[in-house]
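So this block is target.txt, compact mmCIF, N, CA, C and O atoms:
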```txt
# COMPACT_ATOMS: atom_id res chain seq x y z
N MET I 1 2.33 81.34 -33.08
CA MET I 1 1.86 81.62 -31.75
C MET I 1 2.35 82.99 -31.29
O MET I 1 3.24 83.09 -30.47
N SER I 2 1.79 83.99 -31.85
CA SER I 2 2.20 85.35 -31.51
C SER I 2 1.43 85.92 -30.34
O SER I 2 1.73 87.02 -29.88
N LYS I 3 0.42 85.20 -29.89
CA LYS I 3 -0.34 85.69 -28.73
C LYS I 3 0.51 85.59 -27.48
O LYS I 3 1.18 84.59 -27.25
N THR I 4 0.47 86.62 -26.70
CA THR I 4 1.19 86.59 -25.43
C THR I 4 0.23 86.21 -24.33
O THR I 4 -0.95 86.58 -24.34
N ALA I 5 0.73 85.46 -23.41
CA ALA I 5 -0.09 85.03 -22.28
C ALA I 5 -0.36 86.22 -21.37
O ALA I 5 0.55 87.00 -21.05
N LYS I 6 -1.59 86.36 -20.97
CA LYS I 6 -1.94 87.46 -20.07
C LYS I 6 -1.50 87.09 -18.66
O LYS I 6 -1.75 85.99 -18.19
N ARG I 7 -0.82 88.03 -18.04
CA ARG I 7 -0.41 87.81 -16.66
C ARG I 7 -1.56 88.10 -15.73
O ARG I 7 -2.29 89.07 -15.90
N ARG I 8 -1.72 87.24 -14.79
CA ARG I 8 -2.76 87.45 -13.80
C ARG I 8 -2.25 88.47 -12.78
O ARG I 8 -1.22 88.27 -12.15
N VAL I 9 -2.96 89.55 -12.67
CA VAL I 9 -2.53 90.62 -11.79
C VAL I 9 -3.15 90.39 -10.42
O VAL I 9 -4.36 90.30 -10.27
N LEU I 10 -2.29 90.26 -9.43
CA LEU I 10 -2.75 90.08 -8.06
C LEU I 10 -2.74 91.43 -7.37
O LEU I 10 -1.70 92.04 -7.19
N LYS I 11 -3.91 91.89 -7.00
CA LYS I 11 -4.02 93.16 -6.31
C LYS I 11 -3.88 92.94 -4.82
O LYS I 11 -4.50 92.05 -4.26
N ARG I 12 -3.03 93.73 -4.22
CA ARG I 12 -2.86 93.64 -2.78
C ARG I 12 -4.03 94.34 -2.10
O ARG I 12 -4.43 95.42 -2.53
N PRO I 13 -4.54 93.76 -1.04
CA PRO I 13 -5.61 94.44 -0.29
C PRO I 13 -5.10 95.74 0.32
O PRO I 13 -3.92 95.86 0.67
N THR I 14 -5.99 96.71 0.41
CA THR I 14 -5.62 98.02 0.96
C THR I 14 -6.61 98.44 2.04
O THR I 14 -7.76 98.02 2.04
N TRP I 15 -6.14 99.28 2.93
CA TRP I 15 -7.00 99.86 3.96
C TRP I 15 -7.60 101.15 3.44
O TRP I 15 -6.93 101.96 2.83
N GLU I 16 -8.88 101.32 3.71
CA GLU I 16 -9.58 102.55 3.33
C GLU I 16 -10.23 103.12 4.59
O GLU I 16 -10.95 102.43 5.30
N ARG I 17 -9.94 104.38 4.83
CA ARG I 17 -10.47 105.04 6.02
C ARG I 17 -11.89 105.51 5.77
O ARG I 17 -12.19 106.10 4.75
N GLY I 18 -12.76 105.23 6.72
CA GLY I 18 -14.15 105.66 6.62
C GLY I 18 -14.52 106.50 7.83
O GLY I 18 -13.67 106.90 8.62
N TYR I 19 -15.79 106.74 7.98
CA TYR I 19 -16.30 107.53 9.10
C TYR I 19 -16.56 106.58 10.26
O TYR I 19 -17.47 105.76 10.21
N TYR I 20 -15.75 106.64 11.30
CA TYR I 20 -15.79 105.75 12.46
C TYR I 20 -15.47 104.29 12.14
O TYR I 20 -15.82 103.39 12.88
N SER I 21 -14.81 104.04 11.01
CA SER I 21 -14.40 102.68 10.69
C SER I 21 -13.30 102.70 9.64
O SER I 21 -13.10 103.69 8.95
N HIS I 22 -12.60 101.59 9.53
CA HIS I 22 -11.60 101.38 8.50
C HIS I 22 -11.95 100.07 7.81
O HIS I 22 -12.29 99.08 8.49
N GLY I 23 -11.89 100.04 6.50
CA GLY I 23 -12.23 98.83 5.75
C GLY I 23 -11.01 98.27 5.04
O GLY I 23 -10.14 99.01 4.58
N TYR I 24 -10.93 96.96 4.97
CA TYR I 24 -9.84 96.26 4.29
C TYR I 24 -10.42 95.70 3.00
O TYR I 24 -11.26 94.81 3.03
N TRP I 25 -9.99 96.22 1.85
CA TRP I 25 -10.58 95.92 0.56
C TRP I 25 -9.59 95.27 -0.38
O TRP I 25 -8.42 95.63 -0.42
N SER I 26 -10.09 94.36 -1.19
CA SER I 26 -9.34 93.79 -2.30
C SER I 26 -10.20 94.03 -3.54
O SER I 26 -11.14 93.27 -3.81
N GLY I 27 -9.91 95.09 -4.26
CA GLY I 27 -10.76 95.47 -5.39
C GLY I 27 -12.10 95.94 -4.88
O GLY I 27 -12.18 96.89 -4.11
N LYS I 28 -13.18 95.26 -5.28
CA LYS I 28 -14.52 95.62 -4.81
C LYS I 28 -15.01 94.69 -3.71
O LYS I 28 -16.16 94.78 -3.28
N GLU I 29 -14.15 93.79 -3.25
CA GLU I 29 -14.53 92.84 -2.20
C GLU I 29 -14.03 93.32 -0.84
O GLU I 29 -12.85 93.58 -0.66
N LYS I 30 -14.95 93.44 0.11
CA LYS I 30 -14.60 93.87 1.46
C LYS I 30 -14.16 92.65 2.26
O LYS I 30 -14.92 91.69 2.42
N LEU I 31 -12.93 92.67 2.76
CA LEU I 31 -12.38 91.54 3.48
C LEU I 31 -12.53 91.65 4.99
O LEU I 31 -12.61 90.62 5.68
N GLY I 32 -12.54 92.86 5.52
CA GLY I 32 -12.65 93.03 6.96
C GLY I 32 -12.84 94.49 7.33
O GLY I 32 -12.68 95.38 6.50
N THR I 33 -13.18 94.71 8.62
CA THR I 33 -13.38 96.07 9.10
C THR I 33 -12.84 96.23 10.52
O THR I 33 -12.74 95.26 11.27
N VAL I 34 -12.53 97.47 10.85
CA VAL I 34 -12.19 97.87 12.21
C VAL I 34 -13.10 99.04 12.53
O VAL I 34 -13.12 100.02 11.80
N LYS I 35 -13.87 98.93 13.61
CA LYS I 35 -14.84 99.98 13.95
C LYS I 35 -14.61 100.54 15.34
O LYS I 35 -14.08 99.88 16.22
N LEU I 36 -15.04 101.78 15.49
CA LEU I 36 -15.05 102.45 16.78
C LEU I 36 -16.47 102.38 17.34
O LEU I 36 -17.41 102.02 16.63
N GLY I 37 -16.60 102.77 18.60
CA GLY I 37 -17.93 102.83 19.18
C GLY I 37 -18.68 104.06 18.71
O GLY I 37 -18.16 104.86 17.92
N PRO I 38 -19.91 104.25 19.17
CA PRO I 38 -20.69 105.42 18.78
C PRO I 38 -20.03 106.73 19.23
O PRO I 38 -19.29 106.75 20.21
N LYS I 39 -20.30 107.80 18.51
CA LYS I 39 -19.72 109.11 18.82
C LYS I 39 -20.11 109.53 20.23
O LYS I 39 -21.28 109.47 20.62
N GLY I 40 -19.14 109.95 20.99
CA GLY I 40 -19.39 110.41 22.36
C GLY I 40 -19.43 109.28 23.37
O GLY I 40 -19.39 109.52 24.56
N GLU I 41 -19.52 108.04 22.92
CA GLU I 41 -19.60 106.89 23.83
C GLU I 41 -18.45 105.92 23.62
O GLU I 41 -18.50 104.79 24.08
N TRP I 42 -17.40 106.33 22.93
CA TRP I 42 -16.32 105.41 22.61
C TRP I 42 -15.55 105.02 23.87
O TRP I 42 -15.13 105.87 24.64
N ASP I 43 -15.36 103.74 24.08
CA ASP I 43 -14.72 103.23 25.28
C ASP I 43 -13.22 102.95 25.09
O ASP I 43 -12.59 102.39 25.97
N GLY I 44 -12.66 103.32 23.95
CA GLY I 44 -11.23 103.14 23.72
C GLY I 44 -10.86 101.79 23.15
O GLY I 44 -9.69 101.45 23.08
N VAL I 45 -11.85 101.00 22.75
CA VAL I 45 -11.61 99.67 22.21
C VAL I 45 -11.93 99.66 20.71
O VAL I 45 -12.96 100.17 20.29
N TYR I 46 -11.01 99.09 19.95
CA TYR I 46 -11.24 98.92 18.50
C TYR I 46 -11.79 97.53 18.27
O TYR I 46 -11.20 96.54 18.69
N ARG I 47 -12.93 97.44 17.61
CA ARG I 47 -13.57 96.15 17.33
C ARG I 47 -13.34 95.80 15.86
O ARG I 47 -13.66 96.58 14.98
N TRP I 48 -12.80 94.60 15.62
CA TRP I 48 -12.50 94.18 14.27
C TRP I 48 -13.30 92.94 13.90
O TRP I 48 -13.72 92.18 14.77
N ARG I 49 -13.51 92.78 12.60
CA ARG I 49 -14.24 91.62 12.08
C ARG I 49 -13.68 91.28 10.70
O ARG I 49 -13.53 92.16 9.85
N ALA I 50 -13.38 89.99 10.51
CA ALA I 50 -12.90 89.52 9.22
C ALA I 50 -13.34 88.07 9.06
O ALA I 50 -13.11 87.25 9.95
N GLY I 51 -13.98 87.77 7.95
CA GLY I 51 -14.47 86.42 7.73
C GLY I 51 -15.49 86.06 8.78
O GLY I 51 -16.46 86.78 9.01
N ASN I 52 -15.27 84.95 9.46
CA ASN I 52 -16.19 84.54 10.53
C ASN I 52 -15.58 84.76 11.91
O ASN I 52 -16.03 84.18 12.88
N GLN I 53 -14.56 85.59 11.99
CA GLN I 53 -13.90 85.87 13.26
C GLN I 53 -14.04 87.35 13.61
O GLN I 53 -14.13 88.20 12.73
N ALA I 54 -14.03 87.62 14.91
CA ALA I 54 -14.13 88.99 15.39
C ALA I 54 -13.36 89.09 16.70
O ALA I 54 -13.10 88.09 17.36
N GLY I 55 -13.01 90.32 17.07
CA GLY I 55 -12.30 90.52 18.33
C GLY I 55 -12.17 91.99 18.67
O GLY I 55 -12.69 92.86 17.98
N ASP I 56 -11.44 92.23 19.76
CA ASP I 56 -11.19 93.58 20.25
C ASP I 56 -9.69 93.80 20.32
O ASP I 56 -8.92 92.86 20.48
N ALA I 57 -9.27 95.06 20.21
CA ALA I 57 -7.86 95.41 20.33
C ALA I 57 -7.75 96.78 21.00
O ALA I 57 -8.65 97.60 20.92
N ALA I 58 -6.61 96.99 21.65
CA ALA I 58 -6.39 98.24 22.36
C ALA I 58 -5.96 99.37 21.43
O ALA I 58 -6.19 100.53 21.72
N THR I 59 -5.31 99.03 20.31
CA THR I 59 -4.84 100.05 19.39
C THR I 59 -5.34 99.75 17.98
O THR I 59 -5.65 98.60 17.65
N LEU I 60 -5.36 100.79 17.16
CA LEU I 60 -5.78 100.63 15.77
C LEU I 60 -4.81 99.74 15.01
O LEU I 60 -5.22 98.89 14.22
N ALA I 61 -3.52 99.88 15.26
CA ALA I 61 -2.52 99.07 14.57
C ALA I 61 -2.70 97.59 14.88
O ALA I 61 -2.61 96.74 13.98
N ARG I 62 -2.98 97.24 16.14
CA ARG I 62 -3.20 95.83 16.51
C ARG I 62 -4.48 95.28 15.88
O ARG I 62 -4.52 94.14 15.45
N ALA I 63 -5.51 96.09 15.81
CA ALA I 63 -6.76 95.65 15.20
C ALA I 63 -6.58 95.40 13.71
O ALA I 63 -7.04 94.39 13.17
N LYS I 64 -5.88 96.29 13.02
CA LYS I 64 -5.62 96.11 11.60
C LYS I 64 -4.76 94.87 11.36
O LYS I 64 -4.98 94.11 10.42
N GLN I 65 -3.78 94.66 12.23
CA GLN I 65 -2.91 93.49 12.10
C GLN I 65 -3.71 92.20 12.28
O GLN I 65 -3.49 91.23 11.56
N ALA I 66 -4.65 92.19 13.20
CA ALA I 66 -5.49 91.01 13.41
C ALA I 66 -6.33 90.71 12.17
O ALA I 66 -6.45 89.55 11.75
N VAL I 67 -6.91 91.73 11.56
CA VAL I 67 -7.70 91.55 10.34
C VAL I 67 -6.82 90.99 9.23
O VAL I 67 -7.20 90.04 8.55
N GLU I 68 -5.64 91.56 9.06
CA GLU I 68 -4.74 91.09 8.00
C GLU I 68 -4.33 89.65 8.20
O GLU I 68 -4.26 88.88 7.25
N GLN I 69 -4.09 89.24 9.45
CA GLN I 69 -3.71 87.85 9.72
C GLN I 69 -4.85 86.89 9.42
O GLN I 69 -4.64 85.83 8.85
N VAL I 70 -6.06 87.25 9.81
CA VAL I 70 -7.22 86.39 9.54
C VAL I 70 -7.43 86.25 8.04
O VAL I 70 -7.68 85.15 7.54
N VAL I 71 -7.31 87.33 7.30
CA VAL I 71 -7.48 87.30 5.85
C VAL I 71 -6.38 86.44 5.22
O VAL I 71 -6.63 85.63 4.34
N LEU I 72 -5.15 86.60 5.67
CA LEU I 72 -4.02 85.84 5.13
C LEU I 72 -4.20 84.34 5.38
O LEU I 72 -3.98 83.52 4.49
N ILE I 73 -4.61 83.97 6.58
CA ILE I 73 -4.84 82.56 6.90
C ILE I 73 -5.98 82.02 6.06
O ILE I 73 -5.91 80.90 5.55
N GLY I 74 -7.03 82.80 5.87
CA GLY I 74 -8.18 82.36 5.08
C GLY I 74 -7.85 82.14 3.63
O GLY I 74 -8.39 81.25 2.98
N THR I 75 -6.91 82.91 3.08
CA THR I 75 -6.56 82.74 1.67
C THR I 75 -5.58 81.60 1.46
O THR I 75 -5.51 81.04 0.38
N ARG I 76 -4.83 81.25 2.48
CA ARG I 76 -3.83 80.19 2.34
C ARG I 76 -4.32 78.84 2.81
O ARG I 76 -3.68 77.83 2.59
N GLN I 77 -5.42 78.79 3.53
CA GLN I 77 -5.91 77.52 4.05
C GLN I 77 -6.55 76.70 2.94
O GLN I 77 -7.32 77.20 2.14
N LEU I 78 -6.23 75.42 2.91
CA LEU I 78 -6.80 74.54 1.91
C LEU I 78 -8.26 74.26 2.21
O LEU I 78 -8.67 74.23 3.37
N GLN I 79 -9.02 74.04 1.16
CA GLN I 79 -10.42 73.70 1.34
C GLN I 79 -10.51 72.28 1.92
O GLN I 79 -9.90 71.35 1.42
N LEU I 80 -11.29 72.14 2.96
CA LEU I 80 -11.49 70.83 3.58
C LEU I 80 -12.82 70.27 3.12
O LEU I 80 -13.81 70.97 3.03
N PHE I 81 -12.82 69.01 2.79
CA PHE I 81 -14.08 68.37 2.41
C PHE I 81 -14.08 66.95 2.92
O PHE I 81 -13.05 66.38 3.27
N GLN I 82 -15.25 66.37 3.00
CA GLN I 82 -15.42 65.04 3.53
C GLN I 82 -15.78 64.09 2.39
O GLN I 82 -16.68 64.37 1.61
N ASP I 83 -15.07 62.98 2.31
CA ASP I 83 -15.38 61.98 1.29
C ASP I 83 -16.70 61.31 1.62
O ASP I 83 -16.96 60.96 2.77
N GLU I 84 -17.54 61.14 0.63
CA GLU I 84 -18.84 60.50 0.85
C GLU I 84 -18.72 58.98 0.82
O GLU I 84 -19.58 58.30 1.33
N GLY I 85 -17.67 58.44 0.22
CA GLY I 85 -17.53 57.01 0.09
C GLY I 85 -17.06 56.31 1.35
O GLY I 85 -17.20 55.12 1.51
N GLY I 86 -16.51 57.02 2.30
CA GLY I 86 -16.09 56.36 3.52
C GLY I 86 -14.85 56.80 4.03
O GLY I 86 -14.01 57.28 4.34
```
Would you mind writing the file's structure down as structure tokens?
Amino acid sequence: MSKTAKRRVLKRPTWERGYYSHGYWSGKEKLGTVKLGPKGEWDGVYRWRAGNQAGDAATLARAKQAVEQVVLIGTRQLQLFQDEGG
């Protein structure tokens, strides 16, 4: 048994800066975003979206933190299912 077991490499999600938005990526999978308003019409609110949740934040750091928390909860939550037998 000279074969070595391959270690599963867990890539940490990273933030990528875009044009009027920031994306939270894990490899090629987009986990969430933080967006600004249209150019010249920005009202000072950062809008974030991750999974099936969305919200607003006053600062970029708070918006990124909200996205990270939603992603973390989504990855740690157990799958819920309903038994068909009763």
For I:Gly32, work out the shell of residues within 12 Å, counting only C-alpha atoms and skipping chain neighbours fewer than 2 positions away, then give it as a ChimeraX atom specification.
-> /I:13-16,21-26,29-30,34-35,47-55,63-72,74
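Atom to atom, atom CA of I:Lys39 and atom CA of I:Arg62 stand 21.3 Å apart.
Picture a line from atom CA of I:Tyr20 to atom CA of I:Leu60; it runs 11.7 Å.
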As a ChimeraX atom specification, list the residues of stretch 9-73 of chain I assigned to alpha helix (DSSP H) by DSSP on the backbone atoms of this structure.
-> /I:60-73
Taken to one decimal, the atom CA of I:Lys28-atom CA of I:Trp42 distance is 29.2 Å
